[in-house]
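File shown: my_file-v9.txt. Contents: compact mmCIF, C-alpha atoms.
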# COMPACT_ATOMS: atom_id res chain seq x y z
CA MET A 1 14.94 16.78 -30.42
CA CYS A 2 16.60 17.44 -27.10
CA ALA A 3 20.18 18.54 -26.94
CA LEU A 4 21.81 18.01 -23.58
CA ARG A 5 24.93 20.01 -22.91
CA VAL A 6 26.63 19.32 -19.64
CA GLY A 7 30.14 20.46 -18.97
CA LEU A 8 32.70 17.85 -17.98
CA VAL A 9 33.14 19.43 -14.54
CA SER A 10 29.38 19.54 -13.91
CA LEU A 11 28.99 15.93 -14.99
CA SER A 12 31.89 14.84 -12.79
CA LEU A 13 30.47 16.68 -9.77
CA ALA A 14 27.05 15.19 -10.39
CA LEU A 15 28.50 11.68 -10.51
CA VAL A 16 30.63 12.23 -7.38
CA TRP A 17 27.63 13.51 -5.42
CA GLY A 18 25.41 10.72 -6.73
CA LEU A 19 23.22 13.03 -8.74
CA SER A 20 21.91 12.29 -12.19
CA PRO A 21 22.57 14.75 -14.95
CA ALA A 22 19.50 16.64 -16.14
CA VAL A 23 17.27 14.77 -18.55
CA CYS A 24 15.26 16.45 -21.28
CA ALA A 25 11.60 16.58 -20.20
CA ASP A 26 10.31 15.35 -23.55
CA ALA A 27 12.87 12.58 -24.01
CA PRO A 28 11.11 9.19 -24.08
CA LEU A 29 11.82 6.83 -21.18
CA ASP A 30 13.25 3.40 -21.90
CA ASP A 31 10.97 0.45 -21.11
CA ALA A 32 12.64 -0.37 -17.77
CA SER A 33 12.42 3.25 -16.56
CA LEU A 34 8.81 3.49 -17.66
CA ALA A 35 7.94 0.26 -15.82
CA ARG A 36 9.60 1.60 -12.64
CA ALA A 37 7.68 4.89 -12.96
CA VAL A 38 4.34 3.07 -13.36
CA LEU A 39 5.08 0.73 -10.44
CA ASP A 40 6.02 3.72 -8.30
CA ARG A 41 2.75 5.46 -9.17
CA LEU A 42 0.66 2.36 -8.40
CA ASP A 43 2.57 1.81 -5.13
CA ARG A 44 1.61 5.31 -3.98
CA ASP A 45 -2.05 4.26 -3.99
CA PRO A 46 -2.59 2.48 -0.64
CA HIS A 47 -5.27 0.13 -1.98
CA LEU A 48 -3.62 -0.76 -5.29
CA ARG A 49 -0.22 -1.30 -3.61
CA SER A 50 -1.61 -4.31 -1.75
CA LEU A 51 -2.95 -5.95 -4.93
CA GLY A 52 0.43 -6.80 -6.44
CA ILE A 53 -0.30 -5.65 -9.99
CA ASP A 54 2.40 -6.80 -12.42
CA VAL A 55 3.70 -4.11 -14.78
CA ARG A 56 5.56 -4.90 -17.98
CA VAL A 57 6.54 -2.52 -20.75
CA ASP A 58 7.34 -3.49 -24.32
CA ARG A 59 8.33 -0.74 -26.76
CA GLY A 60 6.46 1.85 -24.69
CA VAL A 61 3.22 -0.11 -24.32
CA VAL A 62 2.38 -0.79 -20.66
CA LEU A 63 0.84 -4.16 -19.81
CA LEU A 64 -0.99 -4.45 -16.48
CA ARG A 65 -1.59 -8.01 -15.25
CA GLY A 66 -2.83 -9.56 -12.06
CA SER A 67 -6.02 -9.88 -10.10
CA VAL A 68 -8.11 -7.09 -8.60
CA PRO A 69 -11.36 -7.33 -6.62
CA THR A 70 -13.45 -4.78 -8.52
CA LEU A 71 -13.87 -3.08 -11.86
CA ALA A 72 -13.24 0.22 -10.06
CA ASP A 73 -9.78 -1.06 -9.05
CA ALA A 74 -8.96 -2.00 -12.64
CA LEU A 75 -10.17 1.38 -13.92
CA ARG A 76 -8.16 3.21 -11.24
CA ALA A 77 -4.98 1.27 -12.07
CA ARG A 78 -5.44 2.10 -15.75
CA ALA A 79 -6.11 5.80 -15.08
CA LEU A 80 -3.09 6.15 -12.79
CA THR A 81 -0.91 4.40 -15.38
CA LEU A 82 -2.12 6.71 -18.16
CA ASN A 83 -1.13 9.69 -16.00
CA VAL A 84 2.51 8.63 -15.80
CA ARG A 85 4.71 10.78 -18.02
CA GLY A 86 5.72 8.83 -21.10
CA VAL A 87 2.82 6.35 -21.07
CA GLY A 88 0.83 6.37 -24.28
CA LEU A 89 -0.86 2.98 -24.47
CA VAL A 90 -2.02 0.67 -21.69
CA ASP A 91 -3.01 -2.95 -22.23
CA THR A 92 -5.11 -3.81 -19.18
CA ARG A 93 -5.32 -7.53 -18.54
CA LEU A 94 -6.43 -7.42 -14.94
CA ASP A 95 -8.62 -10.31 -13.89
CA LEU A 96 -11.47 -9.61 -11.50
CA SER A 97 -11.07 -12.00 -8.57
CA THR A 98 -14.78 -11.64 -7.81
CA ARG A 99 -15.89 -12.46 -11.36
CA ASN A 100 -17.82 -15.59 -10.32
CA ARG A 101 -20.43 -13.88 -8.15
CA SER A 102 -24.01 -14.53 -9.10
CA ASP A 103 -25.92 -11.86 -11.01
CA ARG A 104 -28.53 -11.88 -8.27
CA ASP A 105 -25.93 -11.11 -5.57
CA ILE A 106 -24.36 -8.38 -7.70
CA GLU A 107 -27.74 -6.76 -8.40
CA TYR A 108 -28.64 -6.88 -4.71
CA ASP A 109 -25.34 -5.21 -3.73
CA VAL A 110 -25.69 -2.50 -6.39
CA ARG A 111 -29.25 -1.74 -5.21
CA GLN A 112 -28.16 -1.59 -1.56
CA ARG A 113 -25.30 0.77 -2.37
CA PHE A 114 -27.62 2.97 -4.42
CA LEU A 115 -30.12 3.08 -1.54
CA SER A 116 -27.41 4.04 0.95
CA ASN A 117 -26.14 6.86 -1.27
CA GLY A 118 -28.11 10.10 -0.74
CA ASP A 119 -27.92 11.16 -4.40
CA LEU A 120 -28.82 7.74 -5.79
CA ALA A 121 -31.51 6.84 -3.25
CA ARG A 122 -33.74 9.59 -4.68
CA ALA A 123 -33.03 8.64 -8.32
CA ASP A 124 -35.35 6.29 -10.19
CA LEU A 125 -32.78 3.99 -11.74
CA GLY A 126 -33.18 0.52 -13.17
CA ILE A 127 -30.48 -2.08 -12.54
CA THR A 128 -30.16 -5.25 -14.59
CA VAL A 129 -27.24 -7.67 -14.32
CA ARG A 130 -26.29 -10.31 -16.89
CA SER A 131 -23.08 -12.32 -16.56
CA GLY A 132 -21.64 -9.64 -14.27
CA ALA A 133 -22.39 -6.76 -16.66
CA VAL A 134 -24.60 -4.07 -15.15
CA LEU A 135 -27.15 -2.17 -17.25
CA LEU A 136 -28.22 1.13 -15.69
CA THR A 137 -31.39 2.74 -17.00
CA GLY A 138 -33.66 5.59 -16.00
CA ARG A 139 -33.51 9.36 -15.84
CA VAL A 140 -31.67 11.72 -13.51
CA ASP A 141 -31.88 15.49 -13.10
CA ASP A 142 -28.12 15.97 -12.83
CA MET A 143 -25.22 14.57 -14.88
CA ARG A 144 -23.25 14.30 -11.65
CA VAL A 145 -25.73 11.71 -10.33
CA ARG A 146 -25.21 9.66 -13.49
CA ASP A 147 -21.44 9.65 -12.86
CA ILE A 148 -21.97 8.67 -9.22
CA ALA A 149 -24.17 5.74 -10.30
CA ARG A 150 -21.46 4.42 -12.61
CA SER A 151 -18.76 4.79 -9.94
CA VAL A 152 -20.83 3.12 -7.24
CA ALA A 153 -21.73 0.19 -9.52
CA ALA A 154 -18.09 -0.25 -10.60
CA ALA A 155 -17.03 -0.65 -6.96
CA VAL A 156 -19.32 -3.65 -6.39
CA PRO A 157 -17.40 -6.94 -6.40
CA GLY A 158 -18.31 -9.10 -9.39
CA VAL A 159 -19.19 -6.26 -11.77
CA VAL A 160 -17.24 -6.83 -15.00
CA GLY A 161 -18.67 -3.96 -17.03
CA ILE A 162 -21.25 -1.19 -17.03
CA ALA A 163 -23.64 -0.21 -19.79
CA ASP A 164 -25.15 3.18 -19.06
CA GLU A 165 -28.48 4.14 -20.60
CA ILE A 166 -29.28 6.75 -17.97
CA ARG A 167 -30.80 9.88 -19.47
CA ALA A 168 -29.70 13.26 -18.17
CA PRO A 169 -30.95 16.81 -18.95
CA ARG A 170 -27.90 17.98 -20.92
CA GLU A 171 -28.11 14.90 -23.09
CA GLU A 172 -31.83 15.36 -23.80
CA GLY A 173 -31.29 18.99 -24.79
CA ALA A 174 -28.55 17.96 -27.19
CA LEU A 175 -30.85 15.35 -28.74
CA ALA A 176 -33.63 17.90 -29.21
CA ASN A 177 -31.25 20.34 -30.90
CA ALA A 178 -29.98 17.62 -33.23
CA GLU A 179 -33.47 16.85 -34.57
Whole structure, C-alpha cells version:
Amino acid sequence: MCALRVGLVSLSLALVWGLSPAVCADAPLDDASLARAVLDRLDRDPHLRSLGIDVRVDRGVVLLRGSVPTLADALRARALTLNVRGVGLVDTRLDLSTRNRSDRDIEYDVRQRFLSNGDLARADLGITVRSGAVLLTGRVDDMRVRDIARSVAAAVPGVVGIADEIRAPREEGALANAE
C-alpha cells in the first residue's frame, strides 16, 4: 500500500506550476494511463511508430492490434510493451501483412539471408517452410548462432512462426547429463 502525503501548500504550488504531485512507484496505472505509456514506448521505436499499432487496455491487460510486415515486428512490439511499467499481460493480435507469401518464396528469402550472414553462412542448417511456419534444423557450435538464426528468420516477410530444432553444444551436454 502506498501512502501519499503532500502538504496543502506543496500541492497548491505543484498545481500552479503545472506539475503533478508525486505518484507512488508501485501504484498501478489506470487503463488510460497504461495505454498512453505503451503508445509512447511504441512511438519511440522509429520502425514501429510508422506501423500504426492500435493499443487498448482493459483491466490492465494490453491488447495490440493492427498489421505488421514481419513476425520480428510483432515480437518487438510485444517485448517493448512488456517492458512498460505496469504491464503484466499482453494480448497480441497483430496480423502479418505479408502472410500470403508462398512457402517457396519465404524459404528462398530465409536461405539468402542465412547465406549473407557470416555466422549463418558457415552453419549447416536445414530450412523447411509450411504455411509460413519455418522449421530450422541442424547443429551449431555456438548457442549465439542459434539465436541469430531465429532472429534472421523472424525478419523475413511472410514468416508466421518458427519451430527451432537446432542442436547446440550446451543443450547436448545437458541431455547427456540427464541420461
**Asked** So how many Å separate atom CA of Val145 of chain A and atom CA of Arg104 of chain A, to one decimal?
**Response**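 So the two atoms, atom CA of Val145 of chain A and atom CA of Arg104 of chain A, lie 23.8 Å apart.
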**Message:** Using all atoms listed in the file for the distances, tell me which of A:Leu125, A:Ile148, A:Leu51, A:Val62 is nearest to Arg36 of chain A.
**Reply:** A:Val62
**Message:** What's around Val57 of chain A at 9 Å? Count all atoms listed in the file, leave out sequence neighbours fewer than 3 positions away in its own chain, and write the answer as a list of chain:residue names.
**Reply:** A:Asp31, A:Ala32, A:Leu34, A:Ala35, A:Gly60, A:Val61, A:Val62, A:Leu63, A:Leu64
Could you pull the residues within 12 Å of Ser151 of chain A, counting only C-alpha atoms, minus those fewer than 2 positions along the same chain, as a compact mmCIF listing (two decimals) with C-alpha atoms, in the frame of the given file?
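File produced: around-v8.txt:
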# COMPACT_ATOMS: atom_id res chain seq x y z
CA THR A 70 -13.45 -4.78 -8.52
CA LEU A 71 -13.87 -3.08 -11.86
CA ALA A 72 -13.24 0.22 -10.06
CA ASP A 73 -9.78 -1.06 -9.05
CA LEU A 75 -10.17 1.38 -13.92
CA ARG A 76 -8.16 3.21 -11.24
CA VAL A 110 -25.69 -2.50 -6.39
CA ARG A 113 -25.30 0.77 -2.37
CA PHE A 114 -27.62 2.97 -4.42
CA ASN A 117 -26.14 6.86 -1.27
CA LEU A 120 -28.82 7.74 -5.79
CA VAL A 134 -24.60 -4.07 -15.15
CA LEU A 136 -28.22 1.13 -15.69
CA ARG A 144 -23.25 14.30 -11.65
CA VAL A 145 -25.73 11.71 -10.33
CA ARG A 146 -25.21 9.66 -13.49
CA ASP A 147 -21.44 9.65 -12.86
CA ILE A 148 -21.97 8.67 -9.22
CA ALA A 149 -24.17 5.74 -10.30
CA ALA A 153 -21.73 0.19 -9.52
CA ALA A 154 -18.09 -0.25 -10.60
CA ALA A 155 -17.03 -0.65 -6.96
CA VAL A 156 -19.32 -3.65 -6.39
CA VAL A 159 -19.19 -6.26 -11.77
CA GLY A 161 -18.67 -3.96 -17.03
CA ILE A 162 -21.25 -1.19 -17.03
CA ASP A 164 -25.15 3.18 -19.06
**Item:** Straight-line distance linking atom CA of Glu107 of chain A with atom CA of Asp95 of chain A, stated in Å to one decimal
**Value:**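 For atom CA of Glu107 of chain A relative to atom CA of Asp95 of chain A, the distance reads 20.2 Å.
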**Asked** Using all atoms listed in the file, which residue out of A:Ala79, A:Leu94, A:Ala123, A:Leu29 lies closest to Ile53 of chain A?
**Response** A:Leu94
**Asked** What separation in Å, quoted to one decimal, exists between atom CA of Gly86 of chain A and atom CA of Arg56 of chain A?
**Response**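 Separation of atom CA of Gly86 of chain A and atom CA of Arg56 of chain A: 14.1 Å.
Minimum distance to Leu96 of chain A across A:Asn83, A:Ser116, A:Ser33, A:Ser67 (counting only C-alpha atoms) occurs at A:Ser67.
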**Asked** Which of these residues is nearest to Val152 of chain A, using only C-alpha atoms: A:Arg65, A:Arg130, A:Arg139, A:Arg111?
**Response**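 For Val152 of chain A, the nearest of the candidates is A:Arg111.
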**Prompt:** Which residue, A:Thr128, A:Arg93, A:Ala37, A:Ile166, has the smallest gap to Asp105 of chain A when you use all atoms listed in the file?
**Reply:** A:Thr128
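With all atoms listed in the file as the atoms that count, the minimum distance from Val129 of chain A to the choices A:Pro69, A:Pro46, A:Gly52, A:Gly158 is reached by A:Gly158.
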